[in-house]
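Text of query_15.cif (mmCIF, N, CA and C atoms) as supplied:
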```cif
data_final
loop_
_atom_site.label_atom_id
_atom_site.label_comp_id
_atom_site.auth_asym_id
_atom_site.auth_seq_id
_atom_site.Cartn_x
_atom_site.Cartn_y
_atom_site.Cartn_z
N MET A 1329 -30.28 58.23 -22.48
CA MET A 1329 -30.16 58.27 -21.04
C MET A 1329 -30.33 56.88 -20.43
N LYS A 1330 -31.38 56.16 -20.90
CA LYS A 1330 -31.62 54.81 -20.39
C LYS A 1330 -30.44 53.89 -20.71
N LYS A 1331 -29.87 54.07 -21.89
CA LYS A 1331 -28.75 53.24 -22.33
C LYS A 1331 -27.55 53.44 -21.41
N LYS A 1332 -27.29 54.72 -21.03
CA LYS A 1332 -26.19 55.03 -20.13
C LYS A 1332 -26.44 54.42 -18.75
N LEU A 1333 -27.66 54.52 -18.29
CA LEU A 1333 -28.01 53.98 -16.99
C LEU A 1333 -27.78 52.48 -16.95
N ILE A 1334 -28.21 51.77 -17.96
CA ILE A 1334 -28.03 50.33 -18.04
C ILE A 1334 -26.54 49.99 -18.14
N THR A 1335 -25.80 50.76 -18.92
CA THR A 1335 -24.38 50.52 -19.10
C THR A 1335 -23.63 50.58 -17.77
N TYR A 1336 -24.04 51.49 -16.89
CA TYR A 1336 -23.38 51.63 -15.59
C TYR A 1336 -24.03 50.78 -14.51
N ALA A 1337 -25.31 50.54 -14.59
CA ALA A 1337 -26.04 49.84 -13.55
C ALA A 1337 -25.65 48.36 -13.46
N ILE A 1338 -25.49 47.71 -14.60
CA ILE A 1338 -25.18 46.28 -14.58
C ILE A 1338 -23.83 46.00 -13.90
N PRO A 1339 -22.74 46.68 -14.30
CA PRO A 1339 -21.46 46.42 -13.61
C PRO A 1339 -21.52 46.75 -12.13
N ILE A 1340 -22.23 47.82 -11.78
CA ILE A 1340 -22.34 48.19 -10.37
C ILE A 1340 -23.08 47.11 -9.59
N CYS A 1341 -24.14 46.55 -10.16
CA CYS A 1341 -24.88 45.47 -9.50
C CYS A 1341 -23.98 44.24 -9.30
N ILE A 1342 -23.19 43.92 -10.32
CA ILE A 1342 -22.30 42.76 -10.22
C ILE A 1342 -21.27 42.98 -9.10
N ILE A 1343 -20.72 44.17 -9.05
CA ILE A 1343 -19.75 44.50 -7.99
C ILE A 1343 -20.41 44.41 -6.61
N CYS A 1344 -21.61 44.96 -6.48
CA CYS A 1344 -22.33 44.91 -5.19
C CYS A 1344 -22.61 43.48 -4.77
N LEU A 1345 -23.02 42.65 -5.72
CA LEU A 1345 -23.27 41.24 -5.39
C LEU A 1345 -21.99 40.57 -4.88
N GLY A 1346 -20.85 40.97 -5.43
CA GLY A 1346 -19.57 40.42 -4.98
C GLY A 1346 -19.28 40.77 -3.53
N PHE A 1347 -19.72 41.96 -3.09
CA PHE A 1347 -19.53 42.34 -1.69
C PHE A 1347 -20.55 41.66 -0.78
N ILE A 1348 -21.77 41.51 -1.26
CA ILE A 1348 -22.82 40.88 -0.46
C ILE A 1348 -22.60 39.38 -0.34
N PHE A 1349 -22.21 38.74 -1.45
CA PHE A 1349 -21.98 37.30 -1.48
C PHE A 1349 -20.56 37.02 -1.95
N PRO A 1350 -19.56 37.26 -1.08
CA PRO A 1350 -18.17 37.13 -1.52
C PRO A 1350 -17.79 35.71 -1.93
N SER A 1351 -18.54 34.72 -1.49
CA SER A 1351 -18.17 33.35 -1.85
C SER A 1351 -18.65 32.94 -3.23
N LEU A 1352 -19.49 33.79 -3.87
CA LEU A 1352 -19.93 33.47 -5.23
C LEU A 1352 -18.74 33.46 -6.16
N GLY A 1353 -18.51 32.38 -6.82
CA GLY A 1353 -17.41 32.28 -7.76
C GLY A 1353 -16.07 32.03 -7.10
N ALA A 1354 -15.94 32.23 -5.82
CA ALA A 1354 -14.67 31.98 -5.14
C ALA A 1354 -14.76 30.62 -4.46
N GLN A 1355 -13.89 29.75 -4.85
CA GLN A 1355 -13.90 28.42 -4.27
C GLN A 1355 -12.57 28.16 -3.59
N ASP A 1356 -12.60 27.32 -2.57
CA ASP A 1356 -11.37 26.90 -1.92
C ASP A 1356 -10.72 25.90 -2.86
N SER A 1357 -9.78 26.38 -3.65
CA SER A 1357 -9.23 25.54 -4.70
C SER A 1357 -8.08 24.67 -4.23
N THR A 1358 -7.61 24.82 -3.00
CA THR A 1358 -6.51 24.02 -2.50
C THR A 1358 -7.01 22.63 -2.12
N ARG A 1359 -6.40 21.62 -2.73
CA ARG A 1359 -6.71 20.24 -2.37
C ARG A 1359 -5.59 19.74 -1.48
N ILE A 1360 -5.96 19.30 -0.29
CA ILE A 1360 -4.98 18.80 0.67
C ILE A 1360 -5.29 17.35 0.96
N LEU A 1361 -4.29 16.51 0.79
CA LEU A 1361 -4.44 15.09 1.06
C LEU A 1361 -3.42 14.66 2.09
N ALA A 1362 -3.88 14.08 3.19
CA ALA A 1362 -2.97 13.53 4.19
C ALA A 1362 -2.47 12.18 3.68
N VAL A 1363 -1.15 11.98 3.77
CA VAL A 1363 -0.58 10.73 3.31
C VAL A 1363 0.33 10.14 4.38
N SER A 1364 0.43 8.83 4.37
CA SER A 1364 1.34 8.13 5.27
C SER A 1364 2.76 8.18 4.69
N ALA A 1365 3.72 7.70 5.43
CA ALA A 1365 5.10 7.64 4.93
C ALA A 1365 5.17 6.74 3.70
N LYS A 1366 4.49 5.62 3.72
CA LYS A 1366 4.48 4.69 2.57
C LYS A 1366 3.86 5.37 1.36
N GLU A 1367 2.74 6.04 1.55
CA GLU A 1367 2.09 6.76 0.43
C GLU A 1367 2.99 7.88 -0.10
N ALA A 1368 3.71 8.54 0.82
CA ALA A 1368 4.65 9.58 0.39
C ALA A 1368 5.77 8.97 -0.46
N ALA A 1369 6.29 7.83 -0.03
CA ALA A 1369 7.34 7.15 -0.81
C ALA A 1369 6.82 6.78 -2.19
N ASP A 1370 5.60 6.29 -2.26
CA ASP A 1370 4.99 5.94 -3.55
C ASP A 1370 4.83 7.17 -4.44
N LEU A 1371 4.40 8.30 -3.83
CA LEU A 1371 4.25 9.56 -4.58
C LEU A 1371 5.59 10.00 -5.16
N ILE A 1372 6.63 9.92 -4.34
CA ILE A 1372 7.96 10.33 -4.78
C ILE A 1372 8.41 9.46 -5.95
N ASP A 1373 8.19 8.16 -5.85
CA ASP A 1373 8.54 7.24 -6.96
C ASP A 1373 7.73 7.58 -8.21
N LYS A 1374 6.44 7.79 -8.03
CA LYS A 1374 5.55 8.09 -9.15
C LYS A 1374 5.94 9.38 -9.87
N HIS A 1375 6.37 10.38 -9.10
CA HIS A 1375 6.67 11.70 -9.67
C HIS A 1375 8.17 11.92 -9.90
N ASN A 1376 8.94 10.86 -9.88
CA ASN A 1376 10.38 10.98 -10.12
C ASN A 1376 10.63 11.65 -11.47
N GLY A 1377 11.35 12.77 -11.46
CA GLY A 1377 11.63 13.50 -12.69
C GLY A 1377 10.52 14.44 -13.14
N ASP A 1378 9.44 14.51 -12.39
CA ASP A 1378 8.30 15.38 -12.73
C ASP A 1378 8.58 16.79 -12.22
N SER A 1379 8.73 17.74 -13.12
CA SER A 1379 9.05 19.12 -12.72
C SER A 1379 7.86 19.83 -12.07
N ASN A 1380 6.68 19.22 -12.10
CA ASN A 1380 5.50 19.79 -11.46
C ASN A 1380 5.23 19.21 -10.08
N PHE A 1381 6.25 18.56 -9.52
CA PHE A 1381 6.13 17.98 -8.18
C PHE A 1381 7.37 18.37 -7.38
N ALA A 1382 7.16 18.83 -6.16
CA ALA A 1382 8.29 19.22 -5.31
C ALA A 1382 8.04 18.77 -3.87
N ILE A 1383 9.11 18.59 -3.15
CA ILE A 1383 9.06 18.16 -1.75
C ILE A 1383 9.55 19.32 -0.89
N LEU A 1384 8.75 19.70 0.09
CA LEU A 1384 9.11 20.78 1.01
C LEU A 1384 9.31 20.25 2.41
N ASP A 1385 10.49 20.47 2.94
CA ASP A 1385 10.82 20.14 4.33
C ASP A 1385 10.71 21.45 5.10
N ILE A 1386 9.80 21.53 6.05
CA ILE A 1386 9.60 22.80 6.74
C ILE A 1386 10.16 22.76 8.16
N ARG A 1387 11.18 21.93 8.36
CA ARG A 1387 11.86 21.87 9.66
C ARG A 1387 12.97 22.93 9.71
N THR A 1388 13.69 22.94 10.80
CA THR A 1388 14.81 23.88 10.95
C THR A 1388 16.01 23.39 10.16
N PRO A 1389 16.96 24.27 9.88
CA PRO A 1389 18.16 23.85 9.15
C PRO A 1389 18.91 22.70 9.86
N GLY A 1390 18.99 22.74 11.18
CA GLY A 1390 19.65 21.67 11.92
C GLY A 1390 18.95 20.33 11.74
N GLU A 1391 17.63 20.34 11.79
CA GLU A 1391 16.86 19.11 11.57
C GLU A 1391 17.08 18.61 10.14
N PHE A 1392 17.08 19.53 9.21
CA PHE A 1392 17.27 19.19 7.80
C PHE A 1392 18.63 18.50 7.60
N GLN A 1393 19.68 19.06 8.21
CA GLN A 1393 21.02 18.50 8.06
C GLN A 1393 21.15 17.11 8.68
N SER A 1394 20.32 16.81 9.66
CA SER A 1394 20.39 15.50 10.31
C SER A 1394 19.81 14.39 9.43
N GLY A 1395 19.11 14.76 8.37
CA GLY A 1395 18.54 13.80 7.43
C GLY A 1395 17.26 14.33 6.84
N HIS A 1396 17.16 14.29 5.51
CA HIS A 1396 15.97 14.78 4.82
C HIS A 1396 15.68 13.91 3.61
N LEU A 1397 14.50 14.09 3.04
CA LEU A 1397 14.12 13.34 1.84
C LEU A 1397 14.92 13.83 0.65
N GLN A 1398 15.25 12.91 -0.24
CA GLN A 1398 15.97 13.24 -1.46
C GLN A 1398 15.25 14.35 -2.21
N SER A 1399 15.96 15.36 -2.66
CA SER A 1399 15.45 16.50 -3.44
C SER A 1399 14.56 17.45 -2.65
N ALA A 1400 14.49 17.30 -1.34
CA ALA A 1400 13.64 18.19 -0.54
C ALA A 1400 14.21 19.60 -0.52
N ILE A 1401 13.30 20.57 -0.53
CA ILE A 1401 13.65 21.98 -0.42
C ILE A 1401 13.35 22.41 1.01
N LEU A 1402 14.34 23.02 1.65
CA LEU A 1402 14.16 23.47 3.03
C LEU A 1402 13.54 24.87 3.05
N ILE A 1403 12.41 24.98 3.74
CA ILE A 1403 11.81 26.28 4.03
C ILE A 1403 11.39 26.22 5.50
N ASP A 1404 12.19 26.80 6.35
CA ASP A 1404 12.02 26.72 7.80
C ASP A 1404 10.72 27.39 8.25
N PHE A 1405 9.85 26.60 8.85
CA PHE A 1405 8.55 27.08 9.35
C PHE A 1405 8.72 28.24 10.33
N TYR A 1406 9.79 28.20 11.12
CA TYR A 1406 10.01 29.23 12.14
C TYR A 1406 10.71 30.48 11.61
N SER A 1407 11.12 30.46 10.37
CA SER A 1407 11.81 31.61 9.78
C SER A 1407 10.84 32.76 9.57
N GLN A 1408 11.34 33.97 9.71
CA GLN A 1408 10.52 35.16 9.46
C GLN A 1408 10.15 35.28 7.99
N THR A 1409 10.86 34.59 7.13
CA THR A 1409 10.60 34.65 5.69
C THR A 1409 9.80 33.46 5.18
N PHE A 1410 9.24 32.66 6.08
CA PHE A 1410 8.53 31.44 5.68
C PHE A 1410 7.43 31.74 4.65
N VAL A 1411 6.53 32.63 4.97
CA VAL A 1411 5.40 32.93 4.08
C VAL A 1411 5.91 33.54 2.78
N GLU A 1412 6.88 34.43 2.87
CA GLU A 1412 7.43 35.05 1.65
C GLU A 1412 8.06 33.99 0.74
N ARG A 1413 8.77 33.05 1.31
CA ARG A 1413 9.38 31.99 0.50
C ARG A 1413 8.30 31.13 -0.16
N LEU A 1414 7.19 30.87 0.56
CA LEU A 1414 6.09 30.10 -0.03
C LEU A 1414 5.46 30.88 -1.18
N ARG A 1415 5.32 32.18 -1.01
CA ARG A 1415 4.73 33.02 -2.07
C ARG A 1415 5.50 32.92 -3.38
N GLN A 1416 6.80 32.67 -3.29
CA GLN A 1416 7.65 32.63 -4.47
C GLN A 1416 7.52 31.31 -5.25
N LEU A 1417 6.88 30.32 -4.65
CA LEU A 1417 6.74 29.01 -5.31
C LEU A 1417 5.61 29.02 -6.34
N ASP A 1418 5.70 28.11 -7.28
CA ASP A 1418 4.67 27.95 -8.31
C ASP A 1418 3.46 27.24 -7.69
N LYS A 1419 2.37 27.96 -7.52
CA LYS A 1419 1.18 27.42 -6.84
C LYS A 1419 0.52 26.29 -7.61
N GLY A 1420 0.81 26.19 -8.90
CA GLY A 1420 0.21 25.14 -9.73
C GLY A 1420 0.89 23.79 -9.59
N LYS A 1421 2.07 23.76 -8.96
CA LYS A 1421 2.76 22.48 -8.75
C LYS A 1421 2.09 21.69 -7.64
N LYS A 1422 2.40 20.41 -7.59
CA LYS A 1422 1.98 19.55 -6.48
C LYS A 1422 3.14 19.51 -5.50
N PHE A 1423 2.82 19.65 -4.21
CA PHE A 1423 3.85 19.66 -3.19
C PHE A 1423 3.59 18.59 -2.14
N LEU A 1424 4.64 17.88 -1.78
CA LEU A 1424 4.62 17.00 -0.62
C LEU A 1424 5.30 17.78 0.49
N ILE A 1425 4.62 18.00 1.60
CA ILE A 1425 5.22 18.75 2.71
C ILE A 1425 5.34 17.86 3.93
N TYR A 1426 6.39 18.12 4.69
CA TYR A 1426 6.58 17.37 5.93
C TYR A 1426 7.42 18.16 6.92
N CYS A 1427 7.31 17.76 8.17
CA CYS A 1427 8.16 18.29 9.24
C CYS A 1427 8.62 17.07 10.05
N ARG A 1428 8.89 17.25 11.32
CA ARG A 1428 9.36 16.11 12.12
C ARG A 1428 8.23 15.16 12.48
N THR A 1429 7.14 15.69 13.04
CA THR A 1429 6.05 14.83 13.51
C THR A 1429 4.70 15.09 12.85
N GLY A 1430 4.63 16.10 12.01
CA GLY A 1430 3.38 16.46 11.36
C GLY A 1430 2.70 17.66 11.98
N ASN A 1431 3.21 18.14 13.11
CA ASN A 1431 2.59 19.27 13.80
C ASN A 1431 2.76 20.58 13.02
N ARG A 1432 4.00 20.94 12.71
CA ARG A 1432 4.24 22.20 11.98
C ARG A 1432 3.61 22.16 10.60
N SER A 1433 3.75 21.03 9.91
CA SER A 1433 3.18 20.96 8.57
C SER A 1433 1.66 21.07 8.62
N ALA A 1434 1.03 20.50 9.64
CA ALA A 1434 -0.43 20.63 9.78
C ALA A 1434 -0.81 22.09 10.03
N ARG A 1435 0.00 22.78 10.85
CA ARG A 1435 -0.27 24.19 11.13
C ARG A 1435 -0.07 25.06 9.89
N SER A 1436 0.79 24.61 8.98
CA SER A 1436 1.07 25.41 7.77
C SER A 1436 -0.02 25.27 6.70
N LEU A 1437 -0.88 24.29 6.82
CA LEU A 1437 -1.88 24.03 5.77
C LEU A 1437 -2.77 25.24 5.50
N GLU A 1438 -3.13 25.97 6.53
CA GLU A 1438 -3.97 27.15 6.35
C GLU A 1438 -3.25 28.21 5.52
N ILE A 1439 -1.95 28.31 5.69
CA ILE A 1439 -1.15 29.26 4.90
C ILE A 1439 -1.17 28.84 3.43
N PHE A 1440 -0.98 27.54 3.18
CA PHE A 1440 -1.02 27.05 1.80
C PHE A 1440 -2.38 27.35 1.16
N LYS A 1441 -3.45 27.21 1.93
CA LYS A 1441 -4.79 27.53 1.41
C LYS A 1441 -4.90 29.01 1.08
N LYS A 1442 -4.48 29.87 2.00
CA LYS A 1442 -4.58 31.31 1.78
C LYS A 1442 -3.77 31.76 0.58
N LEU A 1443 -2.65 31.08 0.34
CA LEU A 1443 -1.80 31.44 -0.80
C LEU A 1443 -2.28 30.77 -2.09
N LYS A 1444 -3.36 29.99 -1.99
CA LYS A 1444 -4.01 29.37 -3.15
C LYS A 1444 -3.15 28.35 -3.89
N PHE A 1445 -2.44 27.52 -3.10
CA PHE A 1445 -1.73 26.40 -3.72
C PHE A 1445 -2.78 25.43 -4.24
N GLN A 1446 -2.48 24.74 -5.33
CA GLN A 1446 -3.44 23.85 -5.96
C GLN A 1446 -3.56 22.51 -5.23
N LYS A 1447 -2.42 21.84 -5.00
CA LYS A 1447 -2.49 20.50 -4.42
C LYS A 1447 -1.33 20.28 -3.46
N ILE A 1448 -1.67 19.88 -2.25
CA ILE A 1448 -0.70 19.63 -1.19
C ILE A 1448 -0.90 18.20 -0.68
N TYR A 1449 0.19 17.47 -0.65
CA TYR A 1449 0.22 16.16 0.02
C TYR A 1449 0.91 16.41 1.35
N HIS A 1450 0.23 16.11 2.42
CA HIS A 1450 0.76 16.36 3.76
C HIS A 1450 1.15 15.03 4.40
N MET A 1451 2.47 14.83 4.60
CA MET A 1451 2.91 13.61 5.29
C MET A 1451 2.54 13.80 6.76
N ALA A 1452 1.39 13.26 7.12
CA ALA A 1452 0.71 13.57 8.37
C ALA A 1452 1.52 13.28 9.63
N ASN A 1453 2.33 12.25 9.63
CA ASN A 1453 3.10 11.91 10.83
C ASN A 1453 4.57 12.28 10.72
N GLY A 1454 4.90 13.02 9.70
CA GLY A 1454 6.23 13.57 9.55
C GLY A 1454 7.32 12.56 9.25
N ILE A 1455 8.54 13.10 9.25
CA ILE A 1455 9.70 12.29 8.89
C ILE A 1455 10.02 11.26 9.98
N SER A 1456 9.54 11.46 11.19
CA SER A 1456 9.80 10.48 12.25
C SER A 1456 9.21 9.11 11.87
N THR A 1457 8.04 9.10 11.25
CA THR A 1457 7.45 7.83 10.79
C THR A 1457 8.22 7.32 9.58
N TRP A 1458 8.66 8.21 8.73
CA TRP A 1458 9.48 7.85 7.57
C TRP A 1458 10.71 7.07 8.04
N TYR A 1459 11.39 7.62 9.08
CA TYR A 1459 12.56 6.95 9.66
C TYR A 1459 12.18 5.58 10.22
N SER A 1460 11.12 5.54 11.00
CA SER A 1460 10.76 4.28 11.68
C SER A 1460 10.34 3.19 10.70
N GLU A 1461 9.89 3.57 9.51
CA GLU A 1461 9.52 2.58 8.51
C GLU A 1461 10.70 2.21 7.59
N GLY A 1462 11.86 2.80 7.88
CA GLY A 1462 13.08 2.41 7.16
C GLY A 1462 13.29 3.01 5.80
N PHE A 1463 12.58 4.08 5.47
CA PHE A 1463 12.78 4.72 4.18
C PHE A 1463 14.08 5.54 4.22
N PRO A 1464 14.73 5.71 3.07
CA PRO A 1464 16.03 6.38 3.04
C PRO A 1464 15.95 7.89 3.19
N VAL A 1465 17.03 8.46 3.75
CA VAL A 1465 17.17 9.91 3.86
C VAL A 1465 18.56 10.30 3.37
N VAL A 1466 18.71 11.56 3.05
CA VAL A 1466 19.98 12.12 2.63
C VAL A 1466 20.53 12.92 3.81
N LYS A 1467 21.83 12.75 4.08
CA LYS A 1467 22.46 13.52 5.17
C LYS A 1467 23.52 14.44 4.61
#
```
Now, as a test, write the supplied structure out as structure tokens.
Amino acid sequence: MKKKLITYAIPICIICLGFIFPSLGAQDSTRILAVSAKEAADLIDKHNGDSNFAILDIRTPGEFQSGHLQSAILIDFYSQTFVERLRQLDKGKKFLIYCRTGNRSARSLEIFKKLKFQKIYHMANGISTWYSEGFPVVK
């Protein structure tokens, strides 16, 4: 009888502790680093050909067509499928994200955290600074 009680009591206690202290063992594993346009350019050069690095442009399709970073993947922040499209990405990859001025990408950071992305580089001032510093874009 005692053996049965112990067999069931220990897992139940562990489960209860998980409800009482939900942060035990759960860590905010998303690392977010704000980067300048120059730092973003350096990251892109450093990760050239790296399949574990991707660039996400979260502007509208029209903005994207007017000029975007080489190899950028468009996922429109305003699209109804934005979160679903992010869910489909490999969370273990490193992502450089940007929008026009950094506003939308900054607002998206909480979503990246909730979806448990590992590492996000946020081009804090967006592609507008990229343009003003003379870095190349694809049209």
Q: Calculate how many Å separate atom C of A:Ile1383 from atom N of A:Ile1425, rounding to one decimal.
A: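 Rounded to one decimal, the two atoms are 5.7 Å apart.
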Q) From the list A:Phe1440, A:Ser1399, A:Arg1413, A:Ser1364, which residue is nearest A:Gly1377 when using only C-alpha atoms? A)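 Comparing A:Phe1440, A:Ser1399, A:Arg1413, A:Ser1364 against A:Gly1377, the winner is A:Ser1399.
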Q: Please provide as a VMD selection string all residues within 6.5 Å of A:Ile1448, with the sequence filter that same-chain residues fewer than 5 positions apart are discarded (counting all atoms listed in the file).
A: chain A and resid 1358 to 1362 1422 to 1425
Q. DSSP says helix (DSSP H, G or I) for which residues of stretch 1355-1462 of chain A? Put them as a PyMOL selection string?
A. chain A and resi 1365-1374+1389-1393+1410-1415+1431-1442+1454-1460
May I have a table of the residues of stretch 1344-1414 of chain A lying at most 9 Å from stretch 1430-1436 of chain A, giving each one's closest pair of atoms and their distance in Å to one decimal, counting only C-alpha atoms, ordered by chain and ascending residue number, as a tab-separated table?
```
residue	atom	partner	partner_atom	distance
A:Asp1385	CA	A:Ser1433	CA	8.8
A:Ile1386	CA	A:Ser1433	CA	6.9
A:Arg1387	CA	A:Arg1432	CA	8.0
A:Phe1405	CA	A:Arg1432	CA	7.0
```
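Relative to atom N of A:Ile1372, atom CA of A:Met1451 is found at 11.0 Å.
Going from atom CA of A:Gln1398 to atom CA of A:Lys1442 covers 27.6 Å.
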**Q.** Which of A:Glu1438, A:Leu1397, A:Phe1445, A:Leu1414 sits closest to A:Tyr1426 [using only C-alpha atoms]
**A.**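 Closest residue, counting only C-alpha atoms: A:Leu1397.
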Q: Considering all atoms listed in the file, state which residue in the set A:Ala1368, A:Val1465, A:Ile1439, A:Cys1427 is at the smallest distance from A:Asn1453.
A: A:Cys1427
Q) So which bits of stretch 1401-1457 of chain A end up strand (DSSP E) when you DSSP the backbone, as a list in words? A)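 Residues meeting the strand (DSSP E) criterion: Ile1401, Leu1402, Lys1422, Phe1423, Leu1424, Ile1425, Tyr1426, Lys1447, Ile1448, Tyr1449, His1450 and Met1451 of chain A.
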Could you pull the residues within 9 Å of stretch 1388-1394 of chain A, counting only C-alpha atoms, minus those fewer than 5 positions along the same chain, as an mmCIF file with N, CA and C atoms, in the coordinates of the input?
```
data_model
loop_
_atom_site.group_PDB
_atom_site.id
_atom_site.type_symbol
_atom_site.label_atom_id
_atom_site.label_comp_id
_atom_site.auth_asym_id
_atom_site.auth_seq_id
_atom_site.Cartn_x
_atom_site.Cartn_y
_atom_site.Cartn_z
ATOM 1 N N LEU A 1402 14.340 23.020 1.650
ATOM 2 C CA LEU A 1402 14.160 23.470 3.030
ATOM 3 C C LEU A 1402 13.540 24.870 3.050
ATOM 4 N N ILE A 1403 12.410 24.980 3.740
ATOM 5 C CA ILE A 1403 11.810 26.280 4.030
ATOM 6 C C ILE A 1403 11.390 26.220 5.500
ATOM 7 N N ASP A 1404 12.190 26.800 6.350
ATOM 8 C CA ASP A 1404 12.020 26.720 7.800
ATOM 9 C C ASP A 1404 10.720 27.390 8.250
ATOM 10 N N PHE A 1405 9.850 26.600 8.850
ATOM 11 C CA PHE A 1405 8.550 27.080 9.350
ATOM 12 C C PHE A 1405 8.720 28.240 10.330
ATOM 13 N N TYR A 1406 9.790 28.200 11.120
ATOM 14 C CA TYR A 1406 10.010 29.230 12.140
ATOM 15 C C TYR A 1406 10.710 30.480 11.610
ATOM 16 N N SER A 1407 11.120 30.460 10.370
ATOM 17 C CA SER A 1407 11.810 31.610 9.780
ATOM 18 C C SER A 1407 10.840 32.760 9.570
ATOM 19 N N CYS A 1427 7.310 17.760 8.170
ATOM 20 C CA CYS A 1427 8.160 18.290 9.240
ATOM 21 C C CYS A 1427 8.620 17.070 10.050
ATOM 22 N N ARG A 1428 8.890 17.250 11.320
ATOM 23 C CA ARG A 1428 9.360 16.110 12.120
ATOM 24 C C ARG A 1428 8.230 15.160 12.480
ATOM 25 N N VAL A 1466 18.710 11.560 3.050
ATOM 26 C CA VAL A 1466 19.980 12.120 2.630
ATOM 27 C C VAL A 1466 20.530 12.920 3.810
ATOM 28 N N LYS A 1467 21.830 12.750 4.080
ATOM 29 C CA LYS A 1467 22.460 13.520 5.170
ATOM 30 C C LYS A 1467 23.520 14.440 4.610
#
```
Can stretch 1388-1401 of chain A be brought up to N, CA, C and O atoms and written out as a PDB file, keeping the file's coordinate frame?
```
ATOM      1  N   THR A1388      13.690  22.940  10.800  1.00  0.00           N
ATOM      2  CA  THR A1388      14.810  23.880  10.950  1.00  0.00           C
ATOM      3  C   THR A1388      16.010  23.390  10.160  1.00  0.00           C
ATOM      4  O   THR A1388      16.088  22.194   9.818  1.00  0.00           O
ATOM      5  N   PRO A1389      16.960  24.270   9.880  1.00  0.00           N
ATOM      6  CA  PRO A1389      18.160  23.850   9.150  1.00  0.00           C
ATOM      7  C   PRO A1389      18.910  22.700   9.860  1.00  0.00           C
ATOM      8  O   PRO A1389      19.417  21.789   9.204  1.00  0.00           O
ATOM      9  N   GLY A1390      18.990  22.740  11.180  1.00  0.00           N
ATOM     10  CA  GLY A1390      19.650  21.670  11.920  1.00  0.00           C
ATOM     11  C   GLY A1390      18.950  20.330  11.740  1.00  0.00           C
ATOM     12  O   GLY A1390      19.604  19.289  11.550  1.00  0.00           O
ATOM     13  N   GLU A1391      17.630  20.340  11.790  1.00  0.00           N
ATOM     14  CA  GLU A1391      16.860  19.110  11.570  1.00  0.00           C
ATOM     15  C   GLU A1391      17.080  18.610  10.140  1.00  0.00           C
ATOM     16  O   GLU A1391      17.239  17.411   9.920  1.00  0.00           O
ATOM     17  N   PHE A1392      17.080  19.530   9.210  1.00  0.00           N
ATOM     18  CA  PHE A1392      17.270  19.190   7.800  1.00  0.00           C
ATOM     19  C   PHE A1392      18.630  18.500   7.600  1.00  0.00           C
ATOM     20  O   PHE A1392      18.727  17.484   6.915  1.00  0.00           O
ATOM     21  N   GLN A1393      19.680  19.060   8.210  1.00  0.00           N
ATOM     22  CA  GLN A1393      21.020  18.500   8.060  1.00  0.00           C
ATOM     23  C   GLN A1393      21.150  17.110   8.680  1.00  0.00           C
ATOM     24  O   GLN A1393      21.975  16.316   8.257  1.00  0.00           O
ATOM     25  N   SER A1394      20.320  16.810   9.660  1.00  0.00           N
ATOM     26  CA  SER A1394      20.390  15.500  10.310  1.00  0.00           C
ATOM     27  C   SER A1394      19.810  14.390   9.430  1.00  0.00           C
ATOM     28  O   SER A1394      20.010  13.214   9.709  1.00  0.00           O
ATOM     29  N   GLY A1395      19.110  14.760   8.370  1.00  0.00           N
ATOM     30  CA  GLY A1395      18.540  13.800   7.430  1.00  0.00           C
ATOM     31  C   GLY A1395      17.260  14.330   6.840  1.00  0.00           C
ATOM     32  O   GLY A1395      16.397  14.823   7.565  1.00  0.00           O
ATOM     33  N   HIS A1396      17.160  14.290   5.510  1.00  0.00           N
ATOM     34  CA  HIS A1396      15.970  14.780   4.820  1.00  0.00           C
ATOM     35  C   HIS A1396      15.680  13.910   3.610  1.00  0.00           C
ATOM     36  O   HIS A1396      16.510  13.098   3.200  1.00  0.00           O
ATOM     37  N   LEU A1397      14.500  14.090   3.040  1.00  0.00           N
ATOM     38  CA  LEU A1397      14.120  13.340   1.840  1.00  0.00           C
ATOM     39  C   LEU A1397      14.920  13.830   0.650  1.00  0.00           C
ATOM     40  O   LEU A1397      15.246  15.024   0.551  1.00  0.00           O
ATOM     41  N   GLN A1398      15.250  12.910  -0.240  1.00  0.00           N
ATOM     42  CA  GLN A1398      15.970  13.240  -1.460  1.00  0.00           C
ATOM     43  C   GLN A1398      15.250  14.350  -2.210  1.00  0.00           C
ATOM     44  O   GLN A1398      14.021  14.304  -2.353  1.00  0.00           O
ATOM     45  N   SER A1399      15.960  15.360  -2.660  1.00  0.00           N
ATOM     46  CA  SER A1399      15.450  16.500  -3.440  1.00  0.00           C
ATOM     47  C   SER A1399      14.560  17.450  -2.650  1.00  0.00           C
ATOM     48  O   SER A1399      13.911  18.319  -3.247  1.00  0.00           O
ATOM     49  N   ALA A1400      14.490  17.300  -1.340  1.00  0.00           N
ATOM     50  CA  ALA A1400      13.640  18.190  -0.540  1.00  0.00           C
ATOM     51  C   ALA A1400      14.210  19.600  -0.520  1.00  0.00           C
ATOM     52  O   ALA A1400      15.421  19.804  -0.498  1.00  0.00           O
ATOM     53  N   ILE A1401      13.300  20.570  -0.530  1.00  0.00           N
ATOM     54  CA  ILE A1401      13.650  21.980  -0.420  1.00  0.00           C
ATOM     55  C   ILE A1401      13.350  22.410   1.010  1.00  0.00           C
ATOM     56  O   ILE A1401      12.255  22.184   1.518  1.00  0.00           O
TER      57      ILE A1401
END
```
